Structures are given as structure tokens and as C-alpha cells.
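Presented below is the structure to which this report refers.
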There are 2 protein chains.
Amino acid sequence: MTARPAPTAPPRKRRSRAERERQILAVAEQVFADEGYQAASMDDIAHRVGLSKPMLYEYFGSKDGLLMACLHRAKQELFDTTTTAAAGANGPEGLLHDCLLAFFRFSDDHAQAWALLRNEAAVPVSSVSSELESIRLQQIGFTAELLRGARPDLDEVRLEAYAESIIGACERLALWRERRPEVTARQATEHLMSLLLPSLGTGA
Amino acid sequence: MTARPAPTAPPRKRRSRAERERQILAVAEQVFADEGYQAASMDDIAHRVGLSKPMLYEYFGSKDGLLMACLHRAKQELFDTTTTAAAGANGPEGLLHDCLLAFFRFSDDHAQAWALLRNEAAVPVSSVSSELESIRLQQIGFTAELLRGARPDLDEVRLEAYAESIIGACERLALWRERRPEVTARQATEHLMSLLLPSLGTGA
DNA sequence: GCAGTAGCCTACTACGAGTAAGTTACCTGC
DNA sequence: GCAGGTAACTTACTCGTAGTAGGCTACTGC
């Protein structure tokens, strides 16, 4: 019994590490998003890539490590989406509006990445939940900054509370839209703006 | 090797099913809350109760079943807390205020139940996540009802969007308070009220 | 041609969910 | 007091999956 595959299956082509990492990430993101973290098996992912399990461990260390790598990518995408939206807006209200819209569109357009962020909130490993939390903190810091522009009269703690509330509302609304597919990203933005604007209209 | 315990350990006392179920639930709620669903092991829970694993399966069917039973209890507690608060309030604004306060106090006083609800959002089993979702729907329906009183001019979809937003904001704020323990339940309520009131003050 | 190494594999161990099958304490009717 | 029925309880498994040990092999540079 050598390590050589059965004669009917020719030995697999070798690829560079970078290329394999990209392949693995693509497959893993899909599997994690489709089946959830627990149900996904490393053997299955390896098989779909066309590799054996130890390679996954060689490149990503653990199942958590692999998930973390996927989350990292999703985080980057979300960050890029919102910062791009922020760059093109004018005025505090327009800014908020455009960022909300960008967020809802992100959950439409990057369904896979969004499913990842949405589903894996309670993965047992602390490194994972802290990565998740760091994604939120990024969004929250961003939002707080944005609020500061609209309401410079508010103190830090209150800004933070508002930012947290808004992020929480966004997440819930994005989930709500899965139950109500007829609600467009634009409409969701509109609902949330109408709830927030009266409190954020240039203050005092 | 019979099934009798070693002579140093006398055979365990037998208890009625109902009593055992209560014991198991108490231990399981604590373990799930402390360690999270995945990290908790059935053997460990059984051991802490002073039983062997098959009894847990006899009574709760599966690990998910056990978690579900815990969640069910937490759900009931949350529901009771908020409905009680709602009963004692007067006027739409007071109603919202009292319910928010009751929620934040719930997350203080029933820390264990809250940790359960907060952490297990993404347990892979669909029955579990749907139980979680049903808890939210209960809260959301409740909130929507409450909003209808304040803003009868709004249409159904918008009421639902507002309710979802508010629940999302509540959940995020409760989590935020874990990072900022100096913020009291009353202050959190105050922050959220100040964000919401301008939009919910008796409309149009 | 011939190292050296990066990429790859088979074949394990460890551990936890869930199960089969048997044992025993308690209760009930005589 | 005692047969015997049943509910409570146990040990000792199977099975699936995360993670690992250790070795083989195809490409690279000389």
C-alpha cells in the first residue's frame, strides 16, 4: 500500500500554495454558508477542492482557522462596500442614507458572505466570536463617526449607544428582509431613515 | 462486572422523573450558558447531575432537545417579564419606556437565561434556530402592537420594520452593556428612548 | 542526472453524540 | 412478607469527525 492513488485515478496536479489557498477559501465559504459551521466537515471541504484533509490543516491550522479566514474576507468586503458608499455622499443625512443602502445591498449582492456573518455569530471558539465582534466594532466605530457629524452636541457615550442601536437595527432588518423578499434594499433604507431622521436631524 | 457501582460509592438514590428533569434543566442551563452549546458535553452535564448520559437521552431525546427545553424556559421568563411591565404602564410612551426597561433588567437579573438566548443564535439545528426566531417574533409582535398604539397612522409593513429595528437595537444595546457595565438599565432605556421618541411621538 | 523541498497522501488517534441491552430499586397486590 | 412489573439507572458499545504522524513524489535549481 503506497501513497500512490489507485491506477484508475491519475495523481492530482500539484498547485502552488497561494492558488490552493484561494481554491480552499472559495469552497469553504460556500460550504460554511450553505450548511453552517458545525454541519460542514473538513473531509467534505477537502474532497470538494480535490485534496485531502491534512492539506487544509497545513494551510489553515484548524477548522476555526479556516472559518476565520473566510470571515476575514467577508469583513473586508463589507468594509470596502460601506467606505466606498461613504466617500461618494454629501451631507450628514445623505451619508447615513448611502451607508444604510450600501449595507442592505451588500446583504443582497454578497449573499454568501452575508450568510457567513449572519450565521456564525455563536461559534463556540472565542477567537471566532471576537473576530465577529471586531467586524461589528468596525461598523460601529464607523457609524459613530458618522453620527458625530450630524450631532456634534451629543456626548461620547450617547453616540456609542446610538451607533450600537443603529447597527442592531440594520442587522435585524436585513434578516427581516429574508422573510419579506418583496422589500427592496431601498425601501428598507427608507424605513430605517424615517425612524432615525427625526432624532438625527441637525440636533438640539 | 455488573452494573453496580464500586463498593466505595453506594448506589445512587432514585428520583422521580419530574424531579430529575428539573435537576437536569438547572444544570444544563448553567453549562450551556457558561460554555456554549458546542463546548458543553452531555457526559459532563450528566456527571454534574449525578447521572449517566442515557438518562439525559431518555428524558430529552438529544442534545438539541435539552437545549430547546432550556430555551423554552428562558422564553417564558422573558415573555412574563415584558408583559408584566406592559400591564402596569399608562400611555404609549410610558408603555414603550417600561417595556425597554424591563428588557434591560431581564438581561441583568436573569443573566443565565439571557446568556443562553444571546449565545445560541446560530446553533446548527433548524429546530433550535426556529425556536430562537419564535422568541424574537413574540417580542416583535408585542412591539408592533405597542407601536400601533402610538402611531396608528403607519401601515403594517412600516410598523413591522420599526418593531424589527427596535428589537435589533435592544439586543445590541444589551450586548453593549456587557462592555460598558457602568451603563445602568435605566440609562440604556433613556438612550434608546431619546433615539426613538422623536419618531414615535404621537405621529404625523 | 541528482539532491532538496514543497505539496500531497494514507492511516491512524481522540473524543463526543447517540444506542443496545442488561441490572436493580421501588411499588403494588396478594 | 413476598412475587413480579416497571421505571430508573447503568456499562459498554458504535459511529462520525476533528486533528495528527509519518512517509511518498513531483517539480526546481544546479
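Identifiers for the C-alpha cells are assigned positionally: chains receive A, B, ... in sequence, residues are indexed from 1 per chain, and ligands are indexed from 1 in the order shown.
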
Exercise. Can you pull out every residue within 12 Å of DC2 of chain D, counting only C-alpha atoms (C1' of nucleotides), but drop anything in the same chain fewer than 4 positions away, and send it as number ranges by chain?
Key: C: 28-30

Skipping near chain neighbours, those fewer than 6 positions away, what residues fall within 12 Å of His47 of chain B using only C-alpha atoms (C1' of nucleotides), listed as a PDB file with C-alpha atoms, in the first residue's frame?
ATOM      1  CA  GLN B  23     -32.349  18.941  38.135  1.00  0.00           C
ATOM      2  CA  ILE B  24     -31.106  18.295  34.632  1.00  0.00           C
ATOM      3  CA  VAL B  27     -27.556  22.086  35.385  1.00  0.00           C
ATOM      4  CA  ALA B  28     -27.893  22.201  31.605  1.00  0.00           C
ATOM      5  CA  VAL B  31     -23.458  24.650  31.490  1.00  0.00           C
ATOM      6  CA  ALA B  40     -20.823  21.574  26.572  1.00  0.00           C
ATOM      7  CA  SER B  41     -20.717  17.798  26.621  1.00  0.00           C
ATOM      8  CA  LYS B  53     -25.730  10.032  29.819  1.00  0.00           C
ATOM      9  CA  PRO B  54     -28.506   7.696  28.659  1.00  0.00           C
ATOM     10  CA  MET B  55     -30.863   9.238  31.208  1.00  0.00           C
ATOM     11  CA  LEU B  56     -30.495  12.613  29.505  1.00  0.00           C
TER      12      LEU B  56
END

Quiz item: Could you write out as a PyMOL selection string the residues of chain B within 7 Å of chain A, counting only C-alpha atoms?
Solution: chain B and resi 36+38-39+119-122+124+158+161+164-166+168-173+191+195+198-199

How about saving the chosen residues, N, CA and C atoms kept, as a short mmCIF file (atom, residue, chain, number, x, y, z; two decimals), in the first residue's frame?
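The new file selection23.cif reads:
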data_model
loop_
_atom_site.label_atom_id
_atom_site.label_comp_id
_atom_site.auth_asym_id
_atom_site.auth_seq_id
_atom_site.Cartn_x
_atom_site.Cartn_y
_atom_site.Cartn_z
N GLY B 36 -21.25 27.48 26.32
CA GLY B 36 -21.77 27.47 24.97
C GLY B 36 -22.21 26.08 24.57
N GLN B 38 -21.74 24.10 21.90
CA GLN B 38 -20.82 23.09 21.36
C GLN B 38 -19.89 22.55 22.42
N ALA B 39 -19.31 23.45 23.19
CA ALA B 39 -18.30 23.04 24.17
C ALA B 39 -18.91 22.19 25.27
N ASN B 119 -26.31 33.66 23.16
CA ASN B 119 -25.21 32.87 22.60
C ASN B 119 -25.63 31.85 21.56
N GLU B 120 -26.81 31.31 21.70
CA GLU B 120 -27.13 30.14 20.89
C GLU B 120 -27.84 30.49 19.60
N ALA B 121 -27.66 31.72 19.18
CA ALA B 121 -28.38 32.18 18.00
C ALA B 121 -28.08 31.35 16.77
N ALA B 122 -26.94 30.73 16.71
CA ALA B 122 -26.56 30.06 15.46
C ALA B 122 -26.30 28.58 15.65
N PRO B 124 -26.62 24.96 14.89
CA PRO B 124 -26.84 24.46 13.54
C PRO B 124 -28.22 23.85 13.31
N ARG B 158 -44.56 49.07 7.62
CA ARG B 158 -43.68 50.01 8.30
C ARG B 158 -43.64 49.73 9.81
N ALA B 161 -41.33 46.92 10.26
CA ALA B 161 -39.93 47.35 10.10
C ALA B 161 -39.47 48.07 11.36
N GLU B 164 -38.95 45.49 14.18
CA GLU B 164 -37.71 44.74 13.98
C GLU B 164 -36.50 45.60 14.35
N SER B 165 -36.54 46.84 13.92
CA SER B 165 -35.43 47.74 14.22
C SER B 165 -35.25 47.90 15.72
N ILE B 166 -36.35 48.05 16.41
CA ILE B 166 -36.28 48.30 17.85
C ILE B 166 -35.74 47.07 18.58
N GLY B 168 -33.84 44.77 17.32
CA GLY B 168 -32.41 44.68 16.99
C GLY B 168 -31.59 45.64 17.83
N ALA B 169 -32.10 46.85 17.97
CA ALA B 169 -31.40 47.86 18.77
C ALA B 169 -31.30 47.40 20.23
N CYS B 170 -32.37 46.84 20.75
CA CYS B 170 -32.37 46.35 22.12
C CYS B 170 -31.30 45.29 22.31
N GLU B 171 -31.27 44.33 21.42
CA GLU B 171 -30.32 43.24 21.58
C GLU B 171 -28.88 43.76 21.55
N ARG B 172 -28.63 44.65 20.62
CA ARG B 172 -27.27 45.21 20.52
C ARG B 172 -26.92 46.01 21.77
N LEU B 173 -27.87 46.78 22.24
CA LEU B 173 -27.59 47.60 23.43
C LEU B 173 -27.34 46.72 24.64
N HIS B 191 -31.29 56.24 26.69
CA HIS B 191 -30.63 56.43 25.40
C HIS B 191 -31.55 56.02 24.25
N LEU B 195 -33.60 58.18 21.25
CA LEU B 195 -33.42 57.92 19.81
C LEU B 195 -34.77 57.67 19.14
N PRO B 198 -38.58 60.87 19.13
CA PRO B 198 -38.92 61.87 18.10
C PRO B 198 -39.71 61.27 16.94
N SER B 199 -39.46 59.99 16.63
CA SER B 199 -40.20 59.38 15.52
C SER B 199 -41.53 58.82 15.97
#

Practice problem: Select all residues from chain C having any atom no more than 7 Å from an atom of chain A (counting only C-alpha atoms (C1' of nucleotides), ignoring ligands), output as a VMD selection string. | Solution: chain C and resid 7 9 to 10

Self-check item: Residues of chain D within 12 Å of chain A, counting only C-alpha atoms (C1' of nucleotides), as a PyMOL selection string
Solution: chain D and resi 16-27

With C-alpha atoms (C1' of nucleotides) retained, write the just-selected residues as a short mmCIF file (atom, residue, chain, number, x, y, z; two decimals), in the first residue's frame.
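Wrote result-v1.cif, looks like this:
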data_model
loop_
_atom_site.label_atom_id
_atom_site.label_comp_id
_atom_site.auth_asym_id
_atom_site.auth_seq_id
_atom_site.Cartn_x
_atom_site.Cartn_y
_atom_site.Cartn_z
"C1'" DG D 16 -18.68 10.11 12.73
"C1'" DT D 17 -15.48 13.85 12.60
"C1'" DA D 18 -11.52 16.95 14.22
"C1'" DG D 19 -6.90 16.70 14.22
"C1'" DT D 20 -2.01 14.22 13.64
"C1'" DA D 21 2.08 11.13 12.39
"C1'" DG D 22 4.86 9.87 9.17
"C1'" DG D 23 6.05 8.85 4.61
"C1'" DC D 24 5.87 9.31 -0.60
"C1'" DT D 25 6.56 12.16 -5.02
"C1'" DA D 26 6.75 15.69 -8.41
"C1'" DC D 27 8.91 19.84 -9.50
#
